[in-house]
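Here is the structure we will look at.
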Amino acid sequence: MEQWPADLSPEALAKWVEAHFEGTLMGLLGMQVIEVSKERAVVELPFHPGITTPSGHVHAGSMVSLADTSATFAAMAVSGRAVALINMPVAVSISTQIVGNVQEGTIRSESTVAHPGRTLMAVTTRITAGGRLLALVNSSHFVRQSD
C-alpha cells in the first residue's frame, strides 16, 4: 500500500494528494488541492451543477465533503508521519454552521489544526467563495496508530 509522503513541499504534496483522487468522491466532485502543509490545507471546488440543490445553490453535503477533505489533509500533514493511505486520520465528528451560499464561482476550503493530539486532532475549517464566508466547520479526526 502506498504511503503518505512526509517530506514534500506544500505544492508537491498537494499534487501528490490530488493524483490519488481518481475514482473517489473528491475526484467525482472535481476538487482541486491547492496546498497541504503543517500550517494549513487548502482545497477548492469549482461550481458546477453536480454540487447543487434543485434551486441552484451549493448543496450542504458538497460543503461538508470539501471541509472533511481539507481537514483530513491538514491533520495528516501535522502528524508528520509517512503512513499507508489506509491509516490516514478519519473524521469522527463534524459540526457545520452554514452562514451563506452561492450559485457560481469557486468554493474554497481552508483547514488548520487547532489541537494536534496523538490520537485525536481538532481541526477548524472555513468555507468561502470569492472571499465571502459560507460555512464554519469544526471536526475531530481519529489518528490511527501504525503497527
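Identifiers for the C-alpha cells are assigned positionally: chains receive A, B, ... in sequence, residues are indexed from 1 per chain, and ligands are indexed from 1 in the order shown.
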Legend entry - Residue neighbourhood Glu18 in chain A, 7 Å, only C-alpha atoms, exclusion window fewer than 3 positions, as a PyMOL selection string: chain A and resi 14-15+21+32-33
Legend entry - All alpha helix (DSSP H) residues (DSSP, backbone) inside range 10-62 of chain A, as a PyMOL selection string: chain A and resi 10-18+25-29+60-62
Legend entry - Separation of CA of Thr106 in chain A from CA of Ala6 in chain A, in Å and rounded to one decimal: 28.7 Å
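For Ser140 in chain A, the set of protein, DNA and RNA residues having any atom at most 6 Å away, when counting only C-alpha atoms and skipping those fewer than 6 positions along the same chain, is Ala91, Val92, Ser93, Met121 and Ala122 of chain A.
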Inset, instruction - Would you please extract all strand (DSSP E) residues from chain A, as assigned by DSSP on the backbone, and give them as a PyMOL selection string? - result: chain A and resi 32-36+41-46+90-98+106-116+120-129+132-142
Emit the selected residues as an mmCIF file, in the first residue's frame, including C-alpha atoms.
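Wrote selection24.cif, looks like this:
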```cif
data_model
loop_
_atom_site.group_PDB
_atom_site.id
_atom_site.type_symbol
_atom_site.label_atom_id
_atom_site.label_comp_id
_atom_site.auth_asym_id
_atom_site.auth_seq_id
_atom_site.Cartn_x
_atom_site.Cartn_y
_atom_site.Cartn_z
ATOM 1 C CA GLN A 32 -8.576 20.593 -6.610
ATOM 2 C CA VAL A 33 -5.853 20.510 -3.958
ATOM 3 C CA ILE A 34 -4.092 23.877 -3.734
ATOM 4 C CA GLU A 35 -1.837 23.449 -0.713
ATOM 5 C CA VAL A 36 -1.099 20.887 2.000
ATOM 6 C CA ALA A 41 -4.628 22.616 3.829
ATOM 7 C CA VAL A 42 -6.499 24.367 1.024
ATOM 8 C CA VAL A 43 -8.837 22.565 -1.377
ATOM 9 C CA GLU A 44 -11.076 24.196 -3.966
ATOM 10 C CA LEU A 45 -14.225 23.045 -5.722
ATOM 11 C CA PRO A 46 -15.305 24.804 -8.932
ATOM 12 C CA VAL A 90 -10.560 9.639 9.813
ATOM 13 C CA ALA A 91 -13.268 12.146 10.816
ATOM 14 C CA VAL A 92 -15.275 11.031 13.839
ATOM 15 C CA SER A 93 -17.204 14.282 14.395
ATOM 16 C CA ILE A 94 -18.145 17.140 12.071
ATOM 17 C CA SER A 95 -20.100 20.227 13.146
ATOM 18 C CA THR A 96 -21.091 22.690 10.437
ATOM 19 C CA GLN A 97 -22.621 26.153 10.609
ATOM 20 C CA ILE A 98 -23.686 27.298 7.144
ATOM 21 C CA THR A 106 -15.141 28.527 -6.782
ATOM 22 C CA ILE A 107 -15.748 27.168 -3.303
ATOM 23 C CA ARG A 108 -12.592 27.258 -1.137
ATOM 24 C CA SER A 109 -11.923 25.226 1.989
ATOM 25 C CA GLU A 110 -9.077 26.223 4.306
ATOM 26 C CA SER A 111 -8.319 23.994 7.289
ATOM 27 C CA THR A 112 -5.975 24.452 10.238
ATOM 28 C CA VAL A 113 -5.310 22.050 13.069
ATOM 29 C CA ALA A 114 -6.397 23.609 16.372
ATOM 30 C CA HIS A 115 -5.298 20.660 18.536
ATOM 31 C CA PRO A 116 -2.640 18.252 17.219
ATOM 32 C CA LEU A 120 -7.442 12.796 18.252
ATOM 33 C CA MET A 121 -6.953 16.034 16.303
ATOM 34 C CA ALA A 122 -9.312 19.005 16.292
ATOM 35 C CA VAL A 123 -9.493 20.907 13.002
ATOM 36 C CA THR A 124 -11.134 24.232 12.153
ATOM 37 C CA THR A 125 -12.238 24.886 8.570
ATOM 38 C CA ARG A 126 -13.562 27.960 6.790
ATOM 39 C CA ILE A 127 -15.531 27.530 3.565
ATOM 40 C CA THR A 128 -15.561 30.657 1.380
ATOM 41 C CA ALA A 129 -16.381 31.762 -2.155
ATOM 42 C CA ARG A 132 -17.386 35.548 1.320
ATOM 43 C CA LEU A 133 -17.832 33.198 4.286
ATOM 44 C CA LEU A 134 -20.172 30.292 3.526
ATOM 45 C CA ALA A 135 -19.561 27.927 6.450
ATOM 46 C CA LEU A 136 -17.576 27.299 9.607
ATOM 47 C CA VAL A 137 -16.734 23.660 10.237
ATOM 48 C CA ASN A 138 -15.182 22.035 13.302
ATOM 49 C CA SER A 139 -14.123 18.419 13.082
ATOM 50 C CA SER A 140 -12.355 15.786 15.137
ATOM 51 C CA HIS A 141 -10.142 13.206 13.453
ATOM 52 C CA PHE A 142 -9.061 9.872 14.900
#
```
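With only C-alpha atoms as the atoms that count, the minimum distance from Leu25 in chain A to the choices A:Met76, A:Val58, A:Leu66, A:Met88 is reached by A:Leu66.
Between Ile51 in chain A and the candidates A:Gln3, A:Gln145, A:Thr69, A:Gln103, the tightest atom-to-atom separation, counting only C-alpha atoms, involves A:Gln103.
A straight line drawn from CA of Gly105 in chain A to CA of Ala19 in chain A is 23.3 Å long.
Comparing A:Ser55, A:Val102, A:Ala74, A:Met31 by their smallest distance to Pro10 in chain A, the closest is A:Ala74 (using only C-alpha atoms).
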